[in-house]
Structures are given as C-alpha cells and as structure tokens.
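> One structure follows; several queries about it will come next.
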Amino acid sequence: MHYVMSDIHGEIDKYMAMLRLIDFSPADTLYIIGDVIDRCPSGVDILLDIMSRSNVTMLMGNHEEMCLDTLGPRSVYGSRQLWQSNGGSPTRRELLYMRTPQERHKILRFLDGLPRHLEMNVNGQAFYLVHGYPTEDDDGPLWERPNPDGPRPFPDKITIVGHTPTCYLTKQEGHFRIWHGDGIIDIDCGCGNKTEMRRLACLRLEDFAEFYT
C-alpha cells in the first residue's frame, strides 16, 4: 500500500502511533511531503527514523529549506531569524549542541538531497506530491498555498499538498480533517500548532482511506 503524510513538526508520538495504526510494513511505501522538523522537540529523531527506512520517501518542506539555509553549506543571509520566528529553535539546538558534527553533516546532506515534488501513479491514478503548491517559481512548491475556490492544478493528476492547515481552507468543527478540493487534497491537519484540534493525518492512495492520530 502507498501512504502519504505531511507536516509532522516534531510530534514523534503521533508519528509512531500512525505507523502502528496503518500497520506499516516493509511491503508498504510511505511518502512524507515535508515539514518533519521544528516547533516540537523531536523532529531530528523523526528524520533519523525516516533515514533508516528504505521504503519511506521524504520531500522538501519550507521548514527543511529554512534549516538548510541556516546550517547548510549555502547559508542565506537572514535565514536564522526567519527560521527562529517559524519555530526552528528546537531543531537548531538539537543539531548544533546535541548531535556530533558527523551526525549533523549526515542529516543536512540528507535534507539537501530531498526532491521538491514527486509524480507517481497508483492503480492507474496519477498523483503529484508537493509540500506547498505546484508553481513555476522557485518558492511556490514550498511556500505557496492553495485557493479553495481555484481551478484544479492539473487536468489529469490529483495533487496532494501539506503546508496549509486544512482549517484555513474550509470551516471545520472539531478535530482537523483532510480537505478535498478540485483535483487537490490537503493533508496538513495542524501538527505543531497549539490547538487541541490538531491531528496527524495519513492518506492511503489505493482507496483514499483517511487515518488520524
């Protein structure tokens, strides 16, 4: 089976609970479309778990990009302040002060190699996975947000995104849930945010079954 998650933001308890809930096995494939780190303390531990599994593919999120812009080989001026204002302090402390230089280098090299989007086909259905929104400019795939009233991004593909908590796209009561638009699905259900309504969501691509922890 093929599963998709996004925006875990260091909530390792929800991540591990989700793997148990879907009974994730070596025969399955999991795609995580960015923002594993920041806000909550255990983002680096989740990264290490992802790196240890051959059947998990991770995509770049804007939080991974901010981490690279601050600590990576091509540091960007002003990136540390931007990262810190977006919840990057737990990840920065972990990488700088609680990991060896070798561990830090291995993690940053992994992040630097992450794709910004992924196209795939499951049971004849084409999918386009991206963290933010599919656009031609460099920032859009990581930072752009879908318009709930906008046209479908592709005529022949279903786009799956994270980045934008689903409560911003539709009125929701109770816990956040996956949002289905016209040819686009948002699976960011608010992990890392200070609300009891947040959940980690997971979507199974074969039948669009939804799982929450």
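In the structure tokens, chains take the letters A, B, ... in the order shown, each chain's residues start at 1, and ligands count up from 1 in the order shown.
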Considering only alpha helix (DSSP H) as DSSP defines it on the backbone, what residues of range 71-107 of chain A qualify? List them as an MDAnalysis selection string.
chainID A and resid 71 79:85 89:97 101:107
> Since we have the selection now, will you write its residues out, keeping N, CA, C and O atoms, as a short mmCIF file (atom, residue, chain, number, x, y, z; two decimals), in the first residue's frame?

```
data_model
loop_
_atom_site.label_atom_id
_atom_site.label_comp_id
_atom_site.auth_asym_id
_atom_site.auth_seq_id
_atom_site.Cartn_x
_atom_site.Cartn_y
_atom_site.Cartn_z
N LEU A 71 21.94 26.36 8.42
CA LEU A 71 23.03 25.49 8.85
C LEU A 71 23.76 24.80 7.70
O LEU A 71 24.82 24.21 7.92
N SER A 79 18.43 34.06 7.21
CA SER A 79 17.65 32.83 7.32
C SER A 79 17.45 32.39 8.76
O SER A 79 16.41 31.82 9.12
N ARG A 80 18.44 32.65 9.62
CA ARG A 80 18.31 32.21 11.01
C ARG A 80 17.13 32.89 11.69
O ARG A 80 16.35 32.24 12.41
N GLN A 81 16.97 34.18 11.48
CA GLN A 81 15.85 34.90 12.09
C GLN A 81 14.52 34.39 11.57
O GLN A 81 13.55 34.20 12.32
N LEU A 82 14.43 34.15 10.25
CA LEU A 82 13.21 33.62 9.66
C LEU A 82 12.89 32.25 10.23
O LEU A 82 11.73 31.97 10.59
N TRP A 83 13.90 31.40 10.33
CA TRP A 83 13.72 30.05 10.84
C TRP A 83 13.27 30.09 12.30
O TRP A 83 12.33 29.40 12.70
N GLN A 84 13.92 30.92 13.09
CA GLN A 84 13.58 31.03 14.51
C GLN A 84 12.15 31.52 14.70
O GLN A 84 11.41 31.02 15.55
N SER A 85 11.72 32.47 13.88
CA SER A 85 10.37 33.01 14.01
C SER A 85 9.31 32.01 13.57
O SER A 85 8.12 32.18 13.88
N SER A 89 13.83 26.84 16.55
CA SER A 89 14.80 26.77 17.65
C SER A 89 15.04 25.36 18.17
O SER A 89 16.20 24.99 18.43
N PRO A 90 14.01 24.51 18.36
CA PRO A 90 14.29 23.15 18.86
C PRO A 90 15.20 22.35 17.92
O PRO A 90 16.09 21.63 18.38
N THR A 91 14.98 22.48 16.63
CA THR A 91 15.81 21.76 15.66
C THR A 91 17.23 22.30 15.64
O THR A 91 18.21 21.53 15.61
N ARG A 92 17.37 23.61 15.68
CA ARG A 92 18.70 24.21 15.67
C ARG A 92 19.51 23.80 16.89
O ARG A 92 20.68 23.41 16.77
N ARG A 93 18.89 23.85 18.07
CA ARG A 93 19.60 23.42 19.29
C ARG A 93 20.01 21.96 19.22
O ARG A 93 21.13 21.59 19.60
N GLU A 94 19.10 21.13 18.73
CA GLU A 94 19.40 19.69 18.63
C GLU A 94 20.59 19.44 17.71
O GLU A 94 21.51 18.69 18.05
N LEU A 95 20.59 20.06 16.55
CA LEU A 95 21.64 19.81 15.57
C LEU A 95 22.98 20.40 16.00
O LEU A 95 24.04 19.80 15.76
N LEU A 96 22.96 21.57 16.62
CA LEU A 96 24.21 22.23 16.98
C LEU A 96 24.83 21.72 18.28
O LEU A 96 26.05 21.65 18.40
N TYR A 97 23.98 21.36 19.25
CA TYR A 97 24.51 21.10 20.58
C TYR A 97 24.27 19.69 21.10
O TYR A 97 24.87 19.30 22.11
N PRO A 101 29.27 16.52 15.08
CA PRO A 101 29.40 17.12 13.74
C PRO A 101 29.14 16.12 12.62
O PRO A 101 28.57 16.49 11.59
N GLN A 102 29.52 14.86 12.84
CA GLN A 102 29.29 13.84 11.82
C GLN A 102 27.79 13.58 11.63
O GLN A 102 27.31 13.46 10.50
N GLU A 103 27.06 13.48 12.74
CA GLU A 103 25.61 13.28 12.66
C GLU A 103 24.94 14.47 11.99
O GLU A 103 24.05 14.31 11.14
N ARG A 104 25.36 15.68 12.39
CA ARG A 104 24.77 16.88 11.81
C ARG A 104 25.01 16.93 10.30
O ARG A 104 24.10 17.23 9.52
N HIS A 105 26.22 16.63 9.89
CA HIS A 105 26.55 16.64 8.47
C HIS A 105 25.71 15.62 7.70
O HIS A 105 25.20 15.90 6.61
N LYS A 106 25.53 14.43 8.27
CA LYS A 106 24.74 13.39 7.62
C LYS A 106 23.29 13.83 7.44
O LYS A 106 22.69 13.64 6.38
N ILE A 107 22.73 14.45 8.47
CA ILE A 107 21.34 14.90 8.40
C ILE A 107 21.18 16.03 7.40
O ILE A 107 20.25 16.04 6.58
#
```
> Using only C-alpha atoms, determine which residues lie at most 12 Å from Glu136 in chain A, disregarding the query and same-chain residues fewer than 4 positions distant; provide the list as a ChimeraX atom specification.
/A:116-117,140-142,144,153
> Would you save the residues of that selection, restricted to N, CA and C atoms, as a PDB file, in the first residue's frame?

```
ATOM      1  N   ARG A 116      11.758  18.359  -4.475  1.00  0.00           N
ATOM      2  CA  ARG A 116      10.764  19.393  -4.186  1.00  0.00           C
ATOM      3  C   ARG A 116       9.360  18.980  -4.632  1.00  0.00           C
ATOM      4  N   HIS A 117       9.279  17.967  -5.464  1.00  0.00           N
ATOM      5  CA  HIS A 117       7.982  17.396  -5.822  1.00  0.00           C
ATOM      6  C   HIS A 117       8.206  15.976  -6.319  1.00  0.00           C
ATOM      7  N   GLY A 140       7.247  28.743  -4.799  1.00  0.00           N
ATOM      8  CA  GLY A 140       5.898  28.215  -4.761  1.00  0.00           C
ATOM      9  C   GLY A 140       5.752  26.799  -4.248  1.00  0.00           C
ATOM     10  N   PRO A 141       6.567  25.855  -4.716  1.00  0.00           N
ATOM     11  CA  PRO A 141       6.404  24.477  -4.256  1.00  0.00           C
ATOM     12  C   PRO A 141       6.560  24.301  -2.746  1.00  0.00           C
ATOM     13  N   LEU A 142       7.247  25.233  -2.087  1.00  0.00           N
ATOM     14  CA  LEU A 142       7.438  25.125  -0.645  1.00  0.00           C
ATOM     15  C   LEU A 142       6.598  26.109   0.150  1.00  0.00           C
ATOM     16  N   GLU A 144       3.837  28.416  -1.351  1.00  0.00           N
ATOM     17  CA  GLU A 144       2.534  28.824  -1.873  1.00  0.00           C
ATOM     18  C   GLU A 144       1.413  27.991  -1.229  1.00  0.00           C
ATOM     19  N   PRO A 153      -5.093  22.093 -10.230  1.00  0.00           N
ATOM     20  CA  PRO A 153      -3.744  22.384 -10.734  1.00  0.00           C
ATOM     21  C   PRO A 153      -3.395  21.650 -12.021  1.00  0.00           C
TER      22      PRO A 153
END
```
> Which polymer residues have any atom within 12 Å of an atom of Ser54 in chain A, counting only C-alpha atoms, with same-chain residues fewer than 6 positions away left out, as a VMD selection string?
chain A and resid 25 to 31 48
> Applying 7 Å and only C-alpha atoms, which residues near Ser42 in chain A remain after dropping the ones on its own chain fewer than 2 positions away? List them as a tab-separated table (two decimals) with C-alpha atoms, in the first residue's frame.

```tsv
chain	number	residue	atom	x	y	z
A	10	GLY	CA	8.42	17.05	15.67
A	11	GLU	CA	5.40	15.25	17.15
A	12	ILE	CA	7.04	11.85	17.29
A	40	CYS	CA	8.03	20.42	18.71
A	44	VAL	CA	15.53	15.23	14.35
A	45	ASP	CA	14.56	11.86	15.82
A	46	ILE	CA	11.81	11.53	13.22
```
> Just to confirm, what's the straight-line distance from CA of Arg99 in chain A to CA of Ile37 in chain A in Å (one decimal)?
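Pair CA of Arg99 in chain A / CA of Ile37 in chain A returns 15.1 Å.
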> Which residues are near Lys14 in chain A? Cut-off 9 Å, only C-alpha atoms, ignore same chain within fewer than 6 positions. Put them as a list of chain:residue names.
A:Ile8, A:Cys191, A:Arg199, A:Leu200, A:Tyr212, A:Thr213
> Which is closest to Gly113 in chain A among A:Gly72, A:Gly162, A:Gly88, A:Pro146, if we use only C-alpha atoms?
A:Gly72
> Which residues come within 10 Å of Pro148 in chain A, counting only C-alpha atoms, excluding same-chain residues fewer than 2 positions away, as a list in words?
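After dropping sequence-adjacent residues, the list is Arg145, Pro146, Gly150, Pro151, Arg152, Tyr168, Leu169, Thr170, Trp179, His180, Gly181, Asp182 and Ile184 of chain A.
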> Please identify the strand (DSSP E) residues within range 4-185 of chain A (assignment by DSSP from backbone atoms) and present them as a ChimeraX atom specification.
/A:4-5,29-32,56-58,117-122,125-130,158-161,179-180,184-185
> Take the residues just selected and output them with N, CA, C and O atoms as a compact mmCIF listing (two decimals), in the first residue's frame.

```
# COMPACT_ATOMS: atom_id res chain seq x y z
N VAL A 4 0.55 8.62 2.39
CA VAL A 4 1.13 9.97 2.36
C VAL A 4 0.85 10.67 3.68
O VAL A 4 -0.29 10.65 4.16
N MET A 5 1.88 11.28 4.26
CA MET A 5 1.76 12.14 5.45
C MET A 5 2.44 13.47 5.14
O MET A 5 3.22 13.58 4.20
N THR A 29 4.78 1.54 1.15
CA THR A 29 5.58 2.72 0.84
C THR A 29 4.93 3.94 1.47
O THR A 29 3.71 4.11 1.37
N LEU A 30 5.75 4.76 2.11
CA LEU A 30 5.26 5.98 2.75
C LEU A 30 5.95 7.19 2.14
O LEU A 30 7.18 7.20 2.01
N TYR A 31 5.16 8.19 1.76
CA TYR A 31 5.69 9.46 1.27
C TYR A 31 5.36 10.53 2.31
O TYR A 31 4.22 10.66 2.75
N ILE A 32 6.38 11.28 2.72
CA ILE A 32 6.20 12.36 3.69
C ILE A 32 6.56 13.66 2.98
O ILE A 32 7.72 13.87 2.59
N VAL A 56 10.55 4.63 2.86
CA VAL A 56 9.99 5.95 3.15
C VAL A 56 10.70 6.99 2.28
O VAL A 56 11.93 7.05 2.27
N THR A 57 9.94 7.77 1.55
CA THR A 57 10.48 8.85 0.71
C THR A 57 9.99 10.17 1.27
O THR A 57 8.79 10.37 1.46
N MET A 58 10.92 11.07 1.51
CA MET A 58 10.58 12.38 2.05
C MET A 58 10.80 13.46 1.01
O MET A 58 11.76 13.40 0.22
N HIS A 117 9.28 17.97 -5.46
CA HIS A 117 7.98 17.40 -5.82
C HIS A 117 8.21 15.98 -6.32
O HIS A 117 9.34 15.58 -6.60
N LEU A 118 7.12 15.23 -6.43
CA LEU A 118 7.21 13.85 -6.89
C LEU A 118 5.95 13.51 -7.66
O LEU A 118 4.84 13.79 -7.21
N GLU A 119 6.13 12.92 -8.83
CA GLU A 119 5.00 12.43 -9.62
C GLU A 119 5.01 10.91 -9.60
O GLU A 119 6.06 10.28 -9.69
N MET A 120 3.82 10.33 -9.46
CA MET A 120 3.72 8.89 -9.33
C MET A 120 2.36 8.42 -9.82
O MET A 120 1.46 9.23 -10.06
N ASN A 121 2.23 7.10 -9.96
CA ASN A 121 0.99 6.51 -10.42
C ASN A 121 0.66 5.32 -9.54
O ASN A 121 1.50 4.46 -9.31
N VAL A 122 -0.56 5.29 -9.03
CA VAL A 122 -1.03 4.18 -8.20
C VAL A 122 -2.35 3.69 -8.77
O VAL A 122 -3.32 4.45 -8.86
N GLN A 125 -4.04 5.83 -11.34
CA GLN A 125 -4.30 7.23 -11.00
C GLN A 125 -2.98 7.97 -10.85
O GLN A 125 -2.10 7.56 -10.09
N ALA A 126 -2.83 9.09 -11.55
CA ALA A 126 -1.62 9.90 -11.47
C ALA A 126 -1.72 10.86 -10.29
O ALA A 126 -2.77 11.47 -10.05
N PHE A 127 -0.62 10.98 -9.55
CA PHE A 127 -0.55 11.87 -8.40
C PHE A 127 0.65 12.80 -8.55
O PHE A 127 1.68 12.42 -9.12
N TYR A 128 0.50 14.00 -8.01
CA TYR A 128 1.59 14.99 -7.94
C TYR A 128 1.70 15.41 -6.49
O TYR A 128 0.79 16.02 -5.93
N LEU A 129 2.82 15.05 -5.85
CA LEU A 129 3.03 15.36 -4.44
C LEU A 129 3.96 16.56 -4.33
O LEU A 129 5.03 16.60 -4.94
N VAL A 130 3.56 17.54 -3.51
CA VAL A 130 4.38 18.74 -3.30
C VAL A 130 3.99 19.33 -1.96
O VAL A 130 2.84 19.20 -1.52
N ILE A 158 -4.05 14.13 -9.56
CA ILE A 158 -4.51 14.60 -8.27
C ILE A 158 -3.30 15.13 -7.51
O ILE A 158 -2.31 14.41 -7.33
N THR A 159 -3.35 16.37 -7.09
CA THR A 159 -2.26 16.99 -6.35
C THR A 159 -2.50 16.80 -4.86
O THR A 159 -3.61 17.02 -4.37
N ILE A 160 -1.46 16.40 -4.14
CA ILE A 160 -1.55 16.27 -2.69
C ILE A 160 -0.53 17.21 -2.07
O ILE A 160 0.65 17.18 -2.41
N VAL A 161 -1.01 18.07 -1.16
CA VAL A 161 -0.16 19.08 -0.53
C VAL A 161 -0.27 19.00 0.98
O VAL A 161 -1.17 18.36 1.54
N TRP A 179 -8.69 17.85 3.69
CA TRP A 179 -9.53 18.66 2.81
C TRP A 179 -9.42 18.17 1.38
O TRP A 179 -8.31 17.96 0.86
N HIS A 180 -10.56 17.98 0.72
CA HIS A 180 -10.61 17.56 -0.68
C HIS A 180 -11.15 18.70 -1.52
O HIS A 180 -12.30 19.13 -1.34
N ILE A 184 -7.28 18.42 -5.93
CA ILE A 184 -6.23 18.69 -4.95
C ILE A 184 -6.69 18.26 -3.57
O ILE A 184 -7.88 18.41 -3.22
N ILE A 185 -5.78 17.72 -2.79
CA ILE A 185 -6.07 17.25 -1.43
C ILE A 185 -5.01 17.83 -0.51
O ILE A 185 -3.81 17.74 -0.79
```
> Let me make sure I understand: among A:Trp143, A:Phe211, A:Phe110, A:Tyr133, which one has the smallest atom-to-atom distance to Leu68 in chain A if we use only C-alpha atoms?
A:Phe110
